[in-house]
Amino acid sequence: MIKRRSFMRATLASGVIALAAASGSLLSFTAQAAQPIKIGFSMALTGGLAGAGKAALIAMELWRDDVNKKGGLLGRPVEFVYYDDATNPATVPGIYTKLLSVDKVDLVVSSYGTNEIAPAMPIVMRNKLVFPSLFGLAVNDEFHYDRYFQIMPAGPEPKLDWSRGFFELAAEQKPKPQTVAIVAADAEFPLAAAAGARKNAQAKGFKIVYDKTYPPSTTDYTPIVRAIQATNPDVVFVASYPPDSVGMVKAAHEVGLKAKMFGGGMVGLQFAAIQKNLGPLLDNIVNYDFWAPEPTLNFPGVKEFLARYQEAAKGKGVDPLGHYLPPYAYAYLQVLEQSIDAVKSLDQAKLAAYMHETAFKTVVGDVKFGKNGEWQKSRVLMVQFRDVQPDNLEQFAGPGKRIVVYPKEWKSGDIVYPYKK
Amino acid sequence: MWSVDLFANAIVAGLLLGGFYAAVSIGLAITFGQLDIVNIAHPAFVIVGSYTAYIINRHFGLDPVLIGVLFTPVFFLVGAAIYRVYYAAFERTGQESLSGLAFFFGLMFIIEVLLIMAYGVDYRLVSAGYIGRTINIGFVGIPFRMLVPFAVATALTAGVYLYLSRTFTGRAILAVAQDRLALQLMGADPVKVKQFAFGLAIATTAIAGSLLIIIGPVEPSVGRQYIGRVFAIVVLGGMGSIPGMAIAALILGVVETLVGTFMGPSWSPAVSFGVLLLTLALRPSGLFGRK
């Protein structure tokens, strides 16, 4: 009796244990299936680049919500783990180390901008991760990393492709302009852009009559523009960040710059608040851009995306129109999404191989990466501001204000030359 | 490339720029120069002034300078309140040197973050009829965008100087800067005098901020660019001397534009700070400093 009781107890106990073990494994299986895919990144949410960084984050969150609505990636929900890098490159290595070793993220993508992407590269490379990147100019020229993918359409030779259109346009004008002034901020991106401009100008046979840099903390730009004017250049190429771009445009107007072509590599003239404030001072400036609401650039999904972005951006103190960065911030995650869907795993080598060989359909059009992870073919647009009305934001939402004048493939109008009659 | 008109334009542009630097530095000449308070958050208050001008200008269309002037009493009260906290937490216990510095450093970040949370990180600009216009006198072009800040800065500097040298409270501020104990022995309360002076210094940032946003776009962290420059101007002028500060600001402005025009703008900070070092080597107490 005693024996039978103890036997029954033992059976019961082992049954309970077996049941517990089975349910445990079931639980862990369920947990595995529902465990989110974590995507880690740093982003400039404060500091000088925060205007763009915050706008990018809004676009990225729209993508995350879209993917999760469709059931996630590989059947798992997508979750972001991100930290503010305060526009300080020194914080970036620490953030990516933490993302990988503490937060154990499954995938990483980059922050916004050259200066914030480059410091993450050594860590990402050590971990052999694919690295979709958001607007870094020629970052991979130094690293030669075969899993780096840049969504900015600078092209296979980013430094040169950046300003190629500007100088090709200048060289086409009749009579052909002869002299060029190049002025750039003392910072990584503008210096790289100016280096490319120098080579393009020389290749097209222009004589460089002014070639100087200025500190980004400059308050008044009129002395710089006067010094440029004194050299009497036909073409003025400026590589600048938003506050200096505003300073340069205002100073050019105040000094009465007599150049025949003015612009090139000014960051900031793509932002709605600055466009609104500068108004007619922008007229006839030819500057780089990546998207404008012109009929030639009406890629499938871009208008719907922008409408949703504009709704989400309300009251957040970021670019209300979001033409510049947000579509690309959405697209670099679309590339990742399409690759994971196709490869059906998070295997980094397979993902990288797929990204290299595939042409992706995104809200910024077809994206095909070249060997160095840059776009196989450059799509740096040159746009020209036309008939801009004062103090009117809405005008920039539609076509007709930023005419695409280069390249021919995407052109929506002809250049007005010279810049000032 | 050298020409008389380029030189004349550079000098005029430098004077206009220097005038603006004086407006940004004058508050610090009082706090750092006279009260010995290392208010590293001073440029952050200037940015608050810029945002105030931006918000009122956008909603009511008032002139940015007028907004700056109208808001000086508010900034004065904020400044006085901050000094009370600073005094109670640090100065009273004699910990003002390092802990006080950390306090203002923290204050600077708090201001930046509050601005970001309230108004985001986009660049802000104001509109006024005179922005974008230029008057030409002979071959010298004077943009109103720089002339208006210069004129206002000159009036502000003159006003503060006259106030400090001609009024009873002003003299009390100078007295507390010279000898706090002596002032106390005469029956005056140095804490109240310093509180008033600190309020006055912060009040000037309402005007300086409105001038900054007339010149160019502003975002919450742009004030950091001015930290080195404003401290350099106060030290170069001679700690606590308002005329010294004004002349130092003009010198830095002119040096910056001359170098920017003739040598290349990237040399400007090096040459400006070279002038500062040279002056301090020859006159350790600054241009107008007491020995």
# chains A, B, ... in the order shown; residues from 1 in each chain; ligands from 1
>>> residues_around(residues="region 266-282 of chain B", least_positions_apart="5", cutoff="7 Å", atoms="only C-alpha atoms", output="PyMOL selection string")
(chain A and resi 213-215) or (chain B and resi 236+252+255-256+259-260)
>>> write_last_selection(atoms="C-alpha atoms", output="mmCIF file, in the first residue's frame")
data_model
loop_
_atom_site.group_PDB
_atom_site.id
_atom_site.type_symbol
_atom_site.label_atom_id
_atom_site.label_comp_id
_atom_site.auth_asym_id
_atom_site.auth_seq_id
_atom_site.Cartn_x
_atom_site.Cartn_y
_atom_site.Cartn_z
ATOM 1 C CA THR A 213 37.137 78.004 -46.012
ATOM 2 C CA TYR A 214 35.442 79.709 -43.069
ATOM 3 C CA PRO A 215 34.765 78.617 -39.470
ATOM 4 C CA LEU B 236 40.256 91.419 -23.223
ATOM 5 C CA LEU B 252 37.540 91.463 -32.289
ATOM 6 C CA VAL B 255 40.077 91.831 -36.725
ATOM 7 C CA GLU B 256 37.650 89.091 -37.712
ATOM 8 C CA VAL B 259 41.310 88.679 -41.634
ATOM 9 C CA GLY B 260 38.204 87.165 -43.235
#
>>> select_by_dssp(residues="region 4-207 of chain B", states="alpha helix (DSSP H)", output="NGL selection string")
:B and (4-28 or 42-60 or 64-70 or 72-86 or 98-119 or 144-166 or 168-178 or 180-185 or 190-207)
>>> atom_distance(atom1="CA of Ala55 (chain A)", atom2="CA of Tyr406 (chain A)")
26.5 Å
>>> closest_residue(among="A:Lys258, A:Arg198, A:Lys174, A:Lys276", to="chain B", atoms="only C-alpha atoms")
A:Lys276
>>> residues_around(residues="Gly47 (chain A)", least_positions_apart="6", cutoff="12 Å", atoms="only C-alpha atoms", output="ChimeraX atom specification")
/A:53-54,84-89 /B:109,112-113,115-116,120-123,218-225
>>> residues_around(residues="region 189-191 of chain A", least_positions_apart="5", cutoff="6 Å", atoms="only C-alpha atoms", output="count of residues only")
3
>>> interface_residues(of="chain A", to="chain B", cutoff="9 Å", atoms="only C-alpha atoms", output="PyMOL selection string")
chain A and resi 45-52+54+185-186+211-220+222-228+230-231+242-244+246-247+250-251+253-255+271+273-274+277+281+315-319+391
>>> atom_distance(atom1="CA of Leu278 (chain A)", atom2="CA of Tyr130 (chain B)")
13.5 Å
>>> atom_distance(atom1="CA of Leu77 (chain B)", atom2="CA of Gln195 (chain B)")
9.7 Å
>>> select_by_dssp(residues="region 77-231 of chain B", states="strand (DSSP E or B)", output="PyMOL selection string")
chain B and resi 124+134-137+140-143+218
>>> residues_around(residues="region 284-297 of chain A", least_positions_apart="6", cutoff="9 Å", atoms="only C-alpha atoms", output="VMD selection string")
chain A and resid 152 to 154 162 to 163 165 to 166 249 261 to 267 269 to 270 303 323 to 325 327 364 to 365 379 to 387 396 to 405 409 to 412 415 to 420
>>> decode(residues="region 235-250 of chain A", atoms="all heavy atoms", output="PDB file, in the first residue's frame")
ATOM      1  N   VAL A 235      31.221  82.037 -61.583  1.00  0.00           N
ATOM      2  CA  VAL A 235      30.465  80.989 -60.899  1.00  0.00           C
ATOM      3  C   VAL A 235      30.915  80.931 -59.443  1.00  0.00           C
ATOM      4  O   VAL A 235      32.114  80.983 -59.162  1.00  0.00           O
ATOM      5  CB  VAL A 235      30.724  79.619 -61.580  1.00  0.00           C
ATOM      6  CG1 VAL A 235      30.054  78.493 -60.811  1.00  0.00           C
ATOM      7  CG2 VAL A 235      30.254  79.636 -63.022  1.00  0.00           C
ATOM      8  N   VAL A 236      29.955  80.858 -58.512  1.00  0.00           N
ATOM      9  CA  VAL A 236      30.309  80.738 -57.085  1.00  0.00           C
ATOM     10  C   VAL A 236      29.719  79.442 -56.546  1.00  0.00           C
ATOM     11  O   VAL A 236      28.504  79.248 -56.572  1.00  0.00           O
ATOM     12  CB  VAL A 236      29.796  81.940 -56.271  1.00  0.00           C
ATOM     13  CG1 VAL A 236      30.118  81.755 -54.786  1.00  0.00           C
ATOM     14  CG2 VAL A 236      30.391  83.239 -56.777  1.00  0.00           C
ATOM     15  N   PHE A 237      30.608  78.547 -56.085  1.00  0.00           N
ATOM     16  CA  PHE A 237      30.162  77.279 -55.497  1.00  0.00           C
ATOM     17  C   PHE A 237      30.319  77.369 -53.981  1.00  0.00           C
ATOM     18  O   PHE A 237      31.401  77.655 -53.472  1.00  0.00           O
ATOM     19  CB  PHE A 237      31.011  76.119 -56.040  1.00  0.00           C
ATOM     20  CG  PHE A 237      30.617  74.781 -55.459  1.00  0.00           C
ATOM     21  CD1 PHE A 237      29.611  74.018 -56.044  1.00  0.00           C
ATOM     22  CD2 PHE A 237      31.235  74.294 -54.310  1.00  0.00           C
ATOM     23  CE1 PHE A 237      29.245  72.787 -55.503  1.00  0.00           C
ATOM     24  CE2 PHE A 237      30.864  73.063 -53.766  1.00  0.00           C
ATOM     25  CZ  PHE A 237      29.871  72.319 -54.360  1.00  0.00           C
ATOM     26  N   VAL A 238      29.227  77.145 -53.268  1.00  0.00           N
ATOM     27  CA  VAL A 238      29.246  77.239 -51.802  1.00  0.00           C
ATOM     28  C   VAL A 238      28.934  75.870 -51.211  1.00  0.00           C
ATOM     29  O   VAL A 238      27.950  75.232 -51.604  1.00  0.00           O
ATOM     30  CB  VAL A 238      28.185  78.252 -51.300  1.00  0.00           C
ATOM     31  CG1 VAL A 238      28.304  78.463 -49.801  1.00  0.00           C
ATOM     32  CG2 VAL A 238      28.294  79.570 -52.033  1.00  0.00           C
ATOM     33  N   ALA A 239      29.773  75.414 -50.273  1.00  0.00           N
ATOM     34  CA  ALA A 239      29.472  74.174 -49.539  1.00  0.00           C
ATOM     35  C   ALA A 239      29.290  74.571 -48.076  1.00  0.00           C
ATOM     36  O   ALA A 239      30.250  74.961 -47.420  1.00  0.00           O
ATOM     37  CB  ALA A 239      30.616  73.186 -49.682  1.00  0.00           C
ATOM     38  N   SER A 240      28.045  74.516 -47.597  1.00  0.00           N
ATOM     39  CA  SER A 240      27.778  75.100 -46.283  1.00  0.00           C
ATOM     40  C   SER A 240      26.696  74.333 -45.537  1.00  0.00           C
ATOM     41  O   SER A 240      25.939  73.571 -46.128  1.00  0.00           O
ATOM     42  CB  SER A 240      27.324  76.550 -46.474  1.00  0.00           C
ATOM     43  OG  SER A 240      26.267  76.604 -47.410  1.00  0.00           O
ATOM     44  N   TYR A 241      26.615  74.573 -44.234  1.00  0.00           N
ATOM     45  CA  TYR A 241      25.563  74.021 -43.382  1.00  0.00           C
ATOM     46  C   TYR A 241      24.450  75.068 -43.210  1.00  0.00           C
ATOM     47  O   TYR A 241      24.652  76.238 -43.530  1.00  0.00           O
ATOM     48  CB  TYR A 241      26.155  73.622 -42.028  1.00  0.00           C
ATOM     49  CG  TYR A 241      26.772  72.239 -42.036  1.00  0.00           C
ATOM     50  CD1 TYR A 241      28.031  72.001 -41.507  1.00  0.00           C
ATOM     51  CD2 TYR A 241      26.088  71.162 -42.577  1.00  0.00           C
ATOM     52  CE1 TYR A 241      28.594  70.727 -41.510  1.00  0.00           C
ATOM     53  CE2 TYR A 241      26.636  69.893 -42.599  1.00  0.00           C
ATOM     54  CZ  TYR A 241      27.885  69.681 -42.056  1.00  0.00           C
ATOM     55  OH  TYR A 241      28.416  68.418 -42.074  1.00  0.00           O
ATOM     56  N   PRO A 242      23.285  74.667 -42.673  1.00  0.00           N
ATOM     57  CA  PRO A 242      22.123  75.576 -42.715  1.00  0.00           C
ATOM     58  C   PRO A 242      22.343  77.021 -42.247  1.00  0.00           C
ATOM     59  O   PRO A 242      22.009  77.938 -42.998  1.00  0.00           O
ATOM     60  CB  PRO A 242      21.085  74.848 -41.856  1.00  0.00           C
ATOM     61  CG  PRO A 242      21.409  73.416 -42.039  1.00  0.00           C
ATOM     62  CD  PRO A 242      22.904  73.339 -42.158  1.00  0.00           C
ATOM     63  N   PRO A 243      22.928  77.274 -41.059  1.00  0.00           N
ATOM     64  CA  PRO A 243      23.027  78.690 -40.673  1.00  0.00           C
ATOM     65  C   PRO A 243      23.908  79.489 -41.618  1.00  0.00           C
ATOM     66  O   PRO A 243      23.617  80.644 -41.936  1.00  0.00           O
ATOM     67  CB  PRO A 243      23.651  78.656 -39.276  1.00  0.00           C
ATOM     68  CG  PRO A 243      23.908  77.253 -38.941  1.00  0.00           C
ATOM     69  CD  PRO A 243      23.471  76.383 -40.052  1.00  0.00           C
ATOM     70  N   ASP A 244      24.999  78.870 -42.102  1.00  0.00           N
ATOM     71  CA  ASP A 244      25.888  79.594 -43.019  1.00  0.00           C
ATOM     72  C   ASP A 244      25.231  79.766 -44.382  1.00  0.00           C
ATOM     73  O   ASP A 244      25.451  80.773 -45.051  1.00  0.00           O
ATOM     74  CB  ASP A 244      27.253  78.927 -43.206  1.00  0.00           C
ATOM     75  CG  ASP A 244      27.449  77.628 -42.483  1.00  0.00           C
ATOM     76  OD1 ASP A 244      26.800  77.437 -41.448  1.00  0.00           O
ATOM     77  OD2 ASP A 244      28.245  76.812 -42.941  1.00  0.00           O
ATOM     78  N   SER A 245      24.412  78.770 -44.794  1.00  0.00           N
ATOM     79  CA  SER A 245      23.728  78.906 -46.084  1.00  0.00           C
ATOM     80  C   SER A 245      22.834  80.141 -46.063  1.00  0.00           C
ATOM     81  O   SER A 245      22.823  80.932 -47.005  1.00  0.00           O
ATOM     82  CB  SER A 245      22.874  77.671 -46.379  1.00  0.00           C
ATOM     83  OG  SER A 245      23.679  76.526 -46.407  1.00  0.00           O
ATOM     84  N   VAL A 246      22.106  80.315 -44.934  1.00  0.00           N
ATOM     85  CA  VAL A 246      21.237  81.489 -44.801  1.00  0.00           C
ATOM     86  C   VAL A 246      22.084  82.761 -44.830  1.00  0.00           C
ATOM     87  O   VAL A 246      21.774  83.725 -45.548  1.00  0.00           O
ATOM     88  CB  VAL A 246      20.424  81.413 -43.488  1.00  0.00           C
ATOM     89  CG1 VAL A 246      19.658  82.712 -43.249  1.00  0.00           C
ATOM     90  CG2 VAL A 246      19.469  80.240 -43.522  1.00  0.00           C
ATOM     91  N   GLY A 247      23.191  82.740 -44.079  1.00  0.00           N
ATOM     92  CA  GLY A 247      24.083  83.908 -44.032  1.00  0.00           C
ATOM     93  C   GLY A 247      24.634  84.243 -45.404  1.00  0.00           C
ATOM     94  O   GLY A 247      24.681  85.411 -45.803  1.00  0.00           O
ATOM     95  N   MET A 248      25.014  83.226 -46.150  1.00  0.00           N
ATOM     96  CA  MET A 248      25.596  83.437 -47.485  1.00  0.00           C
ATOM     97  C   MET A 248      24.562  84.027 -48.451  1.00  0.00           C
ATOM     98  O   MET A 248      24.862  84.951 -49.200  1.00  0.00           O
ATOM     99  CB  MET A 248      26.086  82.099 -48.054  1.00  0.00           C
ATOM    100  CG  MET A 248      27.431  81.687 -47.535  1.00  0.00           C
ATOM    101  SD  MET A 248      28.719  82.710 -48.291  1.00  0.00           S
ATOM    102  CE  MET A 248      30.137  82.047 -47.464  1.00  0.00           C
ATOM    103  N   VAL A 249      23.357  83.459 -48.438  1.00  0.00           N
ATOM    104  CA  VAL A 249      22.323  83.938 -49.370  1.00  0.00           C
ATOM    105  C   VAL A 249      21.972  85.393 -49.037  1.00  0.00           C
ATOM    106  O   VAL A 249      21.869  86.236 -49.944  1.00  0.00           O
ATOM    107  CB  VAL A 249      21.066  83.033 -49.297  1.00  0.00           C
ATOM    108  CG1 VAL A 249      19.910  83.639 -50.072  1.00  0.00           C
ATOM    109  CG2 VAL A 249      21.382  81.646 -49.836  1.00  0.00           C
ATOM    110  N   LYS A 250      21.814  85.696 -47.748  1.00  0.00           N
ATOM    111  CA  LYS A 250      21.485  87.079 -47.373  1.00  0.00           C
ATOM    112  C   LYS A 250      22.622  88.023 -47.747  1.00  0.00           C
ATOM    113  O   LYS A 250      22.395  89.113 -48.286  1.00  0.00           O
ATOM    114  CB  LYS A 250      21.195  87.158 -45.870  1.00  0.00           C
ATOM    115  CG  LYS A 250      19.839  86.544 -45.518  1.00  0.00           C
ATOM    116  CD  LYS A 250      19.443  86.809 -44.097  1.00  0.00           C
ATOM    117  CE  LYS A 250      17.991  86.358 -43.895  1.00  0.00           C
ATOM    118  NZ  LYS A 250      17.577  86.340 -42.508  1.00  0.00           N
TER     119      LYS A 250
END
